[in-house]
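Read through the structure below, which is laid out as structure tokens, and then see the notes.
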Amino acid sequence: MSPPLNIVCLSSQPWEDEMWTNKQHIMSRVAEQHRVLYVNFGSMSPLKFLARARQREQRPGVLTPRRLLEPVSYRVREGLEVVEIWSPPWFSSLEPSHPLRVELEFDRRVRALGRWLARRDISDAVFWVYHPGYGGSVAKLPHRAVLYDCVDEYTAFPEFARARGWIRRRERALCRVADVVSCTAPALYEAKRSLAPGRTHLVHNVGDAEHFERATLASTEVPRELSELPRPILTFIGAVSDYKLNLDWLYALATQRPEYTLLVIGPVGVADPGTDVAKLSALPNVKLLGHRSYDSLPGYLKGTDVALIPYRINDYTRAVFPIKFFELMATGKPLVISPLPALEAFWDSVLVAHTAEQFIQQCDAALQEHAAEAQEQRVALARRHSWPARVRQLLDLLEAALAARP
């Protein structure tokens with residue numbers, strides 16, 4: 001085994017976000033072998049930042065405004081430390097490409113990180129980047145390698161609708177300096193490989209099979225709030241955002257099958273504040289539960305009859321490989337999805353719908369399934385595509401890149 005690396009993860013999500021995505025899943029496992037410094041993303045008020053500096057680093061004395069120039073860090077577990085860098089909350093009201101927002105959200109963050117690493121005598125960092133907004137700036141800091149883990153098509157995000165040119169330029173700059181570019185979906189791979197020739201690799205998303213397989217256990221309790229709901233129960237879990245979730249399909253299902261209970265678990269409007277669920281939530285057989293803890297999700301899925309991934313097909317979702325795919329497969333429940341291109345290799349294991357009418361028909365068909373063999377096959381498929389295998393793939397690519405460097 002190679003010596004432990006100093007891996008600095010420039011995330012696109014706060015560590016404390018309870019809706020874990022690739023970033024937390026991967027870094028929590030990378031930290032089992034290497035030292036991980038997870039740089040949080042997002043804004044934080046100066047007062048909250050200073051309070052955390054006192055609380056987490058236990059610094060005595062008065063905390064002066066000068067302290068705002070230094071990052072705050074705290075240990076999450078052995079091998080994993082979270083680094084926070086203050087940014088004013090009001091910058092999010094600016095366009096993503098506005099020079100002041102770019103300075104506060106990315107460039108200043110990199111400079112502060114560089115000073116902090118230098119004080120810790122870390123000159124051999126491996127920068128593991130998730131947000132293309134960082135561009136090539138990370139390569140200006142002392143480092144051993146740069147890995148860009150490309151998990152989304154940022155140009156298709158609603159927030160970048162008027163800044164697509166800017167995000168493209170930043171991503172090109174990041175790909176130019178990256179030793180490894182890993183892509184979670186075939187469409188991402190095709191779009192990025194010309195930006196990093198010979199250094200771009202397809203490593204698709206996986207899921208936490210062990211965690212979600214708890215839905216198959218007799219010992220897992222179904223939450224009480226499900227016990228009084230009429231069955232069958234069909235469930236979607238994830239961010240309720242109009243740009244990717246097909247709310248029209250859910251409305252059609254709920255109105256045409258009033259005897260079904262439609263359960264929607266997840267926050268509304270993430271990355272798409274214009275999401276309107278009023279029409280859906282007004283239906284008596286639709287239950288929008290909002291966020292539920294990660295630990296509780298297997299219980300909700302145990303009480304579910306059919307799982308759903310009814311995404312829209314657009315520029316964003318053509319490049320999406322949902323983590324929830326293998327998580328839901330691990331429960332053994334029948335799964336109805338829209339025809340997401342990244343999942344095409346697995347379409348024969350699920351029910352695929354191309355229209356709202358087909359979506360309803362496939363939900364009907366899923367409820368007629370009683371074959372234990374099909375359930376076992378779904379669980380077995382999920383086991384073959386879990387996080388340890390994906391982390392090993394990424395680390396192998398990184399180690400090969402390090403070995404090839406002078």
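Residues are referred to by chain and number: the chain letter is A, B, ... according to the order shown in the structure tokens, the number counts from 1 in that chain, and ligands are numbered separately from 1 in the order shown.
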
Residues of segment 55-270 of chain A classed as alpha helix (DSSP H) by DSSP on the backbone are to be reported as a PDB file with N, CA and C atoms, in the first residue's frame.
ATOM      1  N   GLN A  55     -15.149  28.000  19.378  1.00  0.00           N
ATOM      2  CA  GLN A  55     -15.684  26.728  19.851  1.00  0.00           C
ATOM      3  C   GLN A  55     -14.860  25.536  19.372  1.00  0.00           C
ATOM      4  N   ARG A  56     -14.500  25.550  18.095  1.00  0.00           N
ATOM      5  CA  ARG A  56     -13.903  24.356  17.514  1.00  0.00           C
ATOM      6  C   ARG A  56     -12.397  24.293  17.675  1.00  0.00           C
ATOM      7  N   GLU A  57     -11.751  25.441  17.666  1.00  0.00           N
ATOM      8  CA  GLU A  57     -10.311  25.435  17.844  1.00  0.00           C
ATOM      9  C   GLU A  57      -9.925  25.807  19.267  1.00  0.00           C
ATOM     10  N   PRO A  99     -17.751  39.382 -10.895  1.00  0.00           N
ATOM     11  CA  PRO A  99     -16.368  39.339 -10.398  1.00  0.00           C
ATOM     12  C   PRO A  99     -16.249  39.298  -8.876  1.00  0.00           C
ATOM     13  N   LEU A 100     -17.121  40.020  -8.175  1.00  0.00           N
ATOM     14  CA  LEU A 100     -17.048  40.034  -6.721  1.00  0.00           C
ATOM     15  C   LEU A 100     -17.453  38.683  -6.146  1.00  0.00           C
ATOM     16  N   ARG A 101     -18.484  38.066  -6.720  1.00  0.00           N
ATOM     17  CA  ARG A 101     -18.894  36.749  -6.231  1.00  0.00           C
ATOM     18  C   ARG A 101     -17.819  35.710  -6.533  1.00  0.00           C
ATOM     19  N   VAL A 102     -17.234  35.767  -7.715  1.00  0.00           N
ATOM     20  CA  VAL A 102     -16.159  34.831  -8.065  1.00  0.00           C
ATOM     21  C   VAL A 102     -14.989  34.975  -7.092  1.00  0.00           C
ATOM     22  N   ARG A 108     -10.652  33.979  -3.495  1.00  0.00           N
ATOM     23  CA  ARG A 108     -10.194  34.291  -2.137  1.00  0.00           C
ATOM     24  C   ARG A 108     -10.107  33.021  -1.283  1.00  0.00           C
ATOM     25  N   ARG A 109     -11.025  32.103  -1.503  1.00  0.00           N
ATOM     26  CA  ARG A 109     -11.027  30.837  -0.758  1.00  0.00           C
ATOM     27  C   ARG A 109      -9.746  30.046  -1.027  1.00  0.00           C
ATOM     28  N   VAL A 110      -9.317  30.045  -2.297  1.00  0.00           N
ATOM     29  CA  VAL A 110      -8.098  29.313  -2.647  1.00  0.00           C
ATOM     30  C   VAL A 110      -6.878  29.979  -2.017  1.00  0.00           C
ATOM     31  N   ARG A 111      -6.819  31.307  -2.034  1.00  0.00           N
ATOM     32  CA  ARG A 111      -5.676  32.004  -1.433  1.00  0.00           C
ATOM     33  C   ARG A 111      -5.603  31.753   0.076  1.00  0.00           C
ATOM     34  N   ALA A 112      -6.752  31.830   0.753  1.00  0.00           N
ATOM     35  CA  ALA A 112      -6.780  31.575   2.190  1.00  0.00           C
ATOM     36  C   ALA A 112      -6.372  30.139   2.495  1.00  0.00           C
ATOM     37  N   LEU A 113      -6.833  29.225   1.665  1.00  0.00           N
ATOM     38  CA  LEU A 113      -6.454  27.826   1.841  1.00  0.00           C
ATOM     39  C   LEU A 113      -4.949  27.655   1.659  1.00  0.00           C
ATOM     40  N   GLY A 114      -4.385  28.329   0.666  1.00  0.00           N
ATOM     41  CA  GLY A 114      -2.951  28.224   0.422  1.00  0.00           C
ATOM     42  C   GLY A 114      -2.136  28.688   1.613  1.00  0.00           C
ATOM     43  N   ARG A 115      -2.530  29.803   2.225  1.00  0.00           N
ATOM     44  CA  ARG A 115      -1.812  30.293   3.415  1.00  0.00           C
ATOM     45  C   ARG A 115      -1.931  29.304   4.572  1.00  0.00           C
ATOM     46  N   TRP A 116      -3.130  28.750   4.737  1.00  0.00           N
ATOM     47  CA  TRP A 116      -3.383  27.805   5.826  1.00  0.00           C
ATOM     48  C   TRP A 116      -2.561  26.537   5.645  1.00  0.00           C
ATOM     49  N   LEU A 117      -2.489  26.020   4.415  1.00  0.00           N
ATOM     50  CA  LEU A 117      -1.677  24.828   4.147  1.00  0.00           C
ATOM     51  C   LEU A 117      -0.199  25.105   4.374  1.00  0.00           C
ATOM     52  N   ALA A 118       0.245  26.298   3.970  1.00  0.00           N
ATOM     53  CA  ALA A 118       1.653  26.646   4.156  1.00  0.00           C
ATOM     54  C   ALA A 118       2.018  26.688   5.634  1.00  0.00           C
ATOM     55  N   ARG A 119       1.121  27.224   6.477  1.00  0.00           N
ATOM     56  CA  ARG A 119       1.397  27.262   7.916  1.00  0.00           C
ATOM     57  C   ARG A 119       1.474  25.865   8.505  1.00  0.00           C
ATOM     58  N   ARG A 164     -23.382  30.580 -18.356  1.00  0.00           N
ATOM     59  CA  ARG A 164     -22.882  29.317 -18.913  1.00  0.00           C
ATOM     60  C   ARG A 164     -21.496  29.481 -19.517  1.00  0.00           C
ATOM     61  N   GLY A 165     -21.262  30.602 -20.180  1.00  0.00           N
ATOM     62  CA  GLY A 165     -19.941  30.828 -20.760  1.00  0.00           C
ATOM     63  C   GLY A 165     -18.867  30.868 -19.695  1.00  0.00           C
ATOM     64  N   TRP A 166     -19.179  31.514 -18.576  1.00  0.00           N
ATOM     65  CA  TRP A 166     -18.208  31.608 -17.478  1.00  0.00           C
ATOM     66  C   TRP A 166     -17.887  30.242 -16.886  1.00  0.00           C
ATOM     67  N   ILE A 167     -18.928  29.434 -16.615  1.00  0.00           N
ATOM     68  CA  ILE A 167     -18.681  28.132 -15.996  1.00  0.00           C
ATOM     69  C   ILE A 167     -17.946  27.208 -16.963  1.00  0.00           C
ATOM     70  N   ARG A 168     -18.220  27.341 -18.282  1.00  0.00           N
ATOM     71  CA  ARG A 168     -17.482  26.542 -19.274  1.00  0.00           C
ATOM     72  C   ARG A 168     -15.996  26.906 -19.266  1.00  0.00           C
ATOM     73  N   ARG A 169     -15.696  28.209 -19.218  1.00  0.00           N
ATOM     74  CA  ARG A 169     -14.289  28.635 -19.212  1.00  0.00           C
ATOM     75  C   ARG A 169     -13.582  28.147 -17.960  1.00  0.00           C
ATOM     76  N   ARG A 170     -14.256  28.229 -16.839  1.00  0.00           N
ATOM     77  CA  ARG A 170     -13.655  27.761 -15.586  1.00  0.00           C
ATOM     78  C   ARG A 170     -13.405  26.249 -15.638  1.00  0.00           C
ATOM     79  N   GLU A 171     -14.366  25.504 -16.183  1.00  0.00           N
ATOM     80  CA  GLU A 171     -14.197  24.050 -16.244  1.00  0.00           C
ATOM     81  C   GLU A 171     -13.068  23.672 -17.201  1.00  0.00           C
ATOM     82  N   ARG A 172     -12.964  24.370 -18.336  1.00  0.00           N
ATOM     83  CA  ARG A 172     -11.853  24.100 -19.256  1.00  0.00           C
ATOM     84  C   ARG A 172     -10.517  24.318 -18.563  1.00  0.00           C
ATOM     85  N   ALA A 173     -10.417  25.408 -17.794  1.00  0.00           N
ATOM     86  CA  ALA A 173      -9.169  25.703 -17.084  1.00  0.00           C
ATOM     87  C   ALA A 173      -8.856  24.624 -16.059  1.00  0.00           C
ATOM     88  N   LEU A 174      -9.878  24.131 -15.365  1.00  0.00           N
ATOM     89  CA  LEU A 174      -9.677  23.063 -14.382  1.00  0.00           C
ATOM     90  C   LEU A 174      -9.221  21.779 -15.072  1.00  0.00           C
ATOM     91  N   CYS A 175      -9.854  21.431 -16.180  1.00  0.00           N
ATOM     92  CA  CYS A 175      -9.474  20.217 -16.903  1.00  0.00           C
ATOM     93  C   CYS A 175      -8.051  20.297 -17.445  1.00  0.00           C
ATOM     94  N   ARG A 176      -7.613  21.501 -17.825  1.00  0.00           N
ATOM     95  CA  ARG A 176      -6.244  21.650 -18.343  1.00  0.00           C
ATOM     96  C   ARG A 176      -5.198  21.309 -17.292  1.00  0.00           C
ATOM     97  N   VAL A 177      -5.468  21.648 -16.044  1.00  0.00           N
ATOM     98  CA  VAL A 177      -4.466  21.415 -14.993  1.00  0.00           C
ATOM     99  C   VAL A 177      -4.669  20.086 -14.278  1.00  0.00           C
ATOM    100  N   PRO A 186     -21.894   8.604 -18.821  1.00  0.00           N
ATOM    101  CA  PRO A 186     -21.332   8.597 -20.178  1.00  0.00           C
ATOM    102  C   PRO A 186     -21.395   9.953 -20.874  1.00  0.00           C
ATOM    103  N   ALA A 187     -22.500  10.690 -20.694  1.00  0.00           N
ATOM    104  CA  ALA A 187     -22.619  11.998 -21.349  1.00  0.00           C
ATOM    105  C   ALA A 187     -21.569  12.971 -20.824  1.00  0.00           C
ATOM    106  N   LEU A 188     -21.269  12.900 -19.539  1.00  0.00           N
ATOM    107  CA  LEU A 188     -20.214  13.748 -18.973  1.00  0.00           C
ATOM    108  C   LEU A 188     -18.858  13.369 -19.556  1.00  0.00           C
ATOM    109  N   TYR A 189     -18.625  12.068 -19.661  1.00  0.00           N
ATOM    110  CA  TYR A 189     -17.356  11.593 -20.218  1.00  0.00           C
ATOM    111  C   TYR A 189     -17.173  12.089 -21.653  1.00  0.00           C
ATOM    112  N   GLU A 190     -18.212  11.973 -22.464  1.00  0.00           N
ATOM    113  CA  GLU A 190     -18.115  12.420 -23.854  1.00  0.00           C
ATOM    114  C   GLU A 190     -17.887  13.927 -23.935  1.00  0.00           C
ATOM    115  N   ALA A 191     -18.475  14.666 -23.011  1.00  0.00           N
ATOM    116  CA  ALA A 191     -18.351  16.129 -23.045  1.00  0.00           C
ATOM    117  C   ALA A 191     -17.004  16.619 -22.542  1.00  0.00           C
ATOM    118  N   LYS A 192     -16.356  15.867 -21.664  1.00  0.00           N
ATOM    119  CA  LYS A 192     -15.128  16.356 -21.013  1.00  0.00           C
ATOM    120  C   LYS A 192     -13.837  15.761 -21.560  1.00  0.00           C
ATOM    121  N   ALA A 209     -25.042   0.305  -0.554  1.00  0.00           N
ATOM    122  CA  ALA A 209     -25.886  -0.894  -0.546  1.00  0.00           C
ATOM    123  C   ALA A 209     -26.098  -1.422   0.867  1.00  0.00           C
ATOM    124  N   GLU A 210     -25.053  -1.436   1.654  1.00  0.00           N
ATOM    125  CA  GLU A 210     -25.165  -1.989   3.010  1.00  0.00           C
ATOM    126  C   GLU A 210     -26.198  -1.225   3.833  1.00  0.00           C
ATOM    127  N   HIS A 211     -26.183   0.103   3.713  1.00  0.00           N
ATOM    128  CA  HIS A 211     -27.117   0.916   4.490  1.00  0.00           C
ATOM    129  C   HIS A 211     -28.563   0.683   4.046  1.00  0.00           C
ATOM    130  N   PHE A 212     -28.810   0.714   2.739  1.00  0.00           N
ATOM    131  CA  PHE A 212     -30.183   0.627   2.257  1.00  0.00           C
ATOM    132  C   PHE A 212     -30.723  -0.802   2.234  1.00  0.00           C
ATOM    133  N   ARG A 224     -43.689   5.396  12.147  1.00  0.00           N
ATOM    134  CA  ARG A 224     -45.097   5.374  12.556  1.00  0.00           C
ATOM    135  C   ARG A 224     -45.984   6.176  11.611  1.00  0.00           C
ATOM    136  N   GLU A 225     -45.453   7.263  11.033  1.00  0.00           N
ATOM    137  CA  GLU A 225     -46.289   8.111  10.179  1.00  0.00           C
ATOM    138  C   GLU A 225     -46.743   7.402   8.897  1.00  0.00           C
ATOM    139  N   LEU A 226     -46.108   6.254   8.569  1.00  0.00           N
ATOM    140  CA  LEU A 226     -46.536   5.482   7.404  1.00  0.00           C
ATOM    141  C   LEU A 226     -47.635   4.491   7.742  1.00  0.00           C
ATOM    142  N   SER A 227     -47.783   4.159   9.023  1.00  0.00           N
ATOM    143  CA  SER A 227     -48.674   3.059   9.409  1.00  0.00           C
ATOM    144  C   SER A 227     -50.140   3.333   9.096  1.00  0.00           C
ATOM    145  N   LEU A 247     -42.562  16.718 -11.983  1.00  0.00           N
ATOM    146  CA  LEU A 247     -43.726  16.913 -11.126  1.00  0.00           C
ATOM    147  C   LEU A 247     -45.023  16.625 -11.871  1.00  0.00           C
ATOM    148  N   ASP A 248     -45.017  16.812 -13.190  1.00  0.00           N
ATOM    149  CA  ASP A 248     -46.218  16.530 -13.990  1.00  0.00           C
ATOM    150  C   ASP A 248     -46.555  15.044 -13.957  1.00  0.00           C
ATOM    151  N   TRP A 249     -45.542  14.195 -14.027  1.00  0.00           N
ATOM    152  CA  TRP A 249     -45.768  12.750 -13.957  1.00  0.00           C
ATOM    153  C   TRP A 249     -46.329  12.366 -12.586  1.00  0.00           C
ATOM    154  N   LEU A 250     -45.782  12.956 -11.538  1.00  0.00           N
ATOM    155  CA  LEU A 250     -46.274  12.635 -10.196  1.00  0.00           C
ATOM    156  C   LEU A 250     -47.726  13.083 -10.037  1.00  0.00           C
ATOM    157  N   TYR A 251     -48.043  14.249 -10.580  1.00  0.00           N
ATOM    158  CA  TYR A 251     -49.423  14.744 -10.497  1.00  0.00           C
ATOM    159  C   TYR A 251     -50.370  13.817 -11.275  1.00  0.00           C
ATOM    160  N   ALA A 252     -49.937  13.382 -12.456  1.00  0.00           N
ATOM    161  CA  ALA A 252     -50.769  12.475 -13.254  1.00  0.00           C
ATOM    162  C   ALA A 252     -51.006  11.157 -12.515  1.00  0.00           C
ATOM    163  N   LEU A 253     -49.954  10.634 -11.899  1.00  0.00           N
ATOM    164  CA  LEU A 253     -50.092   9.381 -11.144  1.00  0.00           C
ATOM    165  C   LEU A 253     -51.074   9.555  -9.991  1.00  0.00           C
ATOM    166  N   ALA A 254     -50.925  10.632  -9.245  1.00  0.00           N
ATOM    167  CA  ALA A 254     -51.763  10.832  -8.059  1.00  0.00           C
ATOM    168  C   ALA A 254     -53.225  11.079  -8.417  1.00  0.00           C
ATOM    169  N   THR A 255     -53.472  11.768  -9.517  1.00  0.00           N
ATOM    170  CA  THR A 255     -54.854  12.071  -9.894  1.00  0.00           C
ATOM    171  C   THR A 255     -55.541  10.883 -10.569  1.00  0.00           C
ATOM    172  N   GLN A 256     -54.795  10.111 -11.354  1.00  0.00           N
ATOM    173  CA  GLN A 256     -55.399   8.986 -12.062  1.00  0.00           C
ATOM    174  C   GLN A 256     -55.432   7.708 -11.232  1.00  0.00           C
TER     175      GLN A 256
END

(request) Could you give me, as a PyMOL selection string, the residues within 8 Å of Ser386 of chain A, counting only C-alpha atoms and dropping anything in the same chain fewer than 3 positions from it? (result) chain A and resi 206-209+326+382-383+389-390

(request) Go through segment 129-378 of chain A and collect every residue that DSSP, computed from the backbone, puts in strand (DSSP E); the answer should be as a ChimeraX atom specification. (result) /A:129,143-150,180-183,200-202,233-237,261-265,286-290,306-309,335-337,351-352

(message) Just want the 10 Å neighbourhood of Leu381 of chain A, counted on only C-alpha atoms, with same-chain residues fewer than 3 positions away dropped. Output as a list in words.
(response)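 The contact residues come out as Ala209, Phe326, Met329, Ala330, Gly332, Phe346, Ser349, Glu376, Gln377, Arg378, Arg384, His385 and Ser386 of chain A.
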
(request) Please provide the set of residues having any atom within 10 Å of Ile7 of chain A, restricted to only C-alpha atoms, with same-chain residues fewer than 2 positions apart removed, written as an NGL selection string. (result) :A and (4-5 or 9-10 or 27 or 30-31 or 34-38 or 80 or 124-128 or 143-147)

(request) Go through A:Tyr311, A:Trp347, A:Tyr148, A:Phe157 one by one, measure the shortest atom-to-atom distance of each to Val180 of chain A using only C-alpha atoms, and give the residue with the smallest value. (result) A:Tyr148
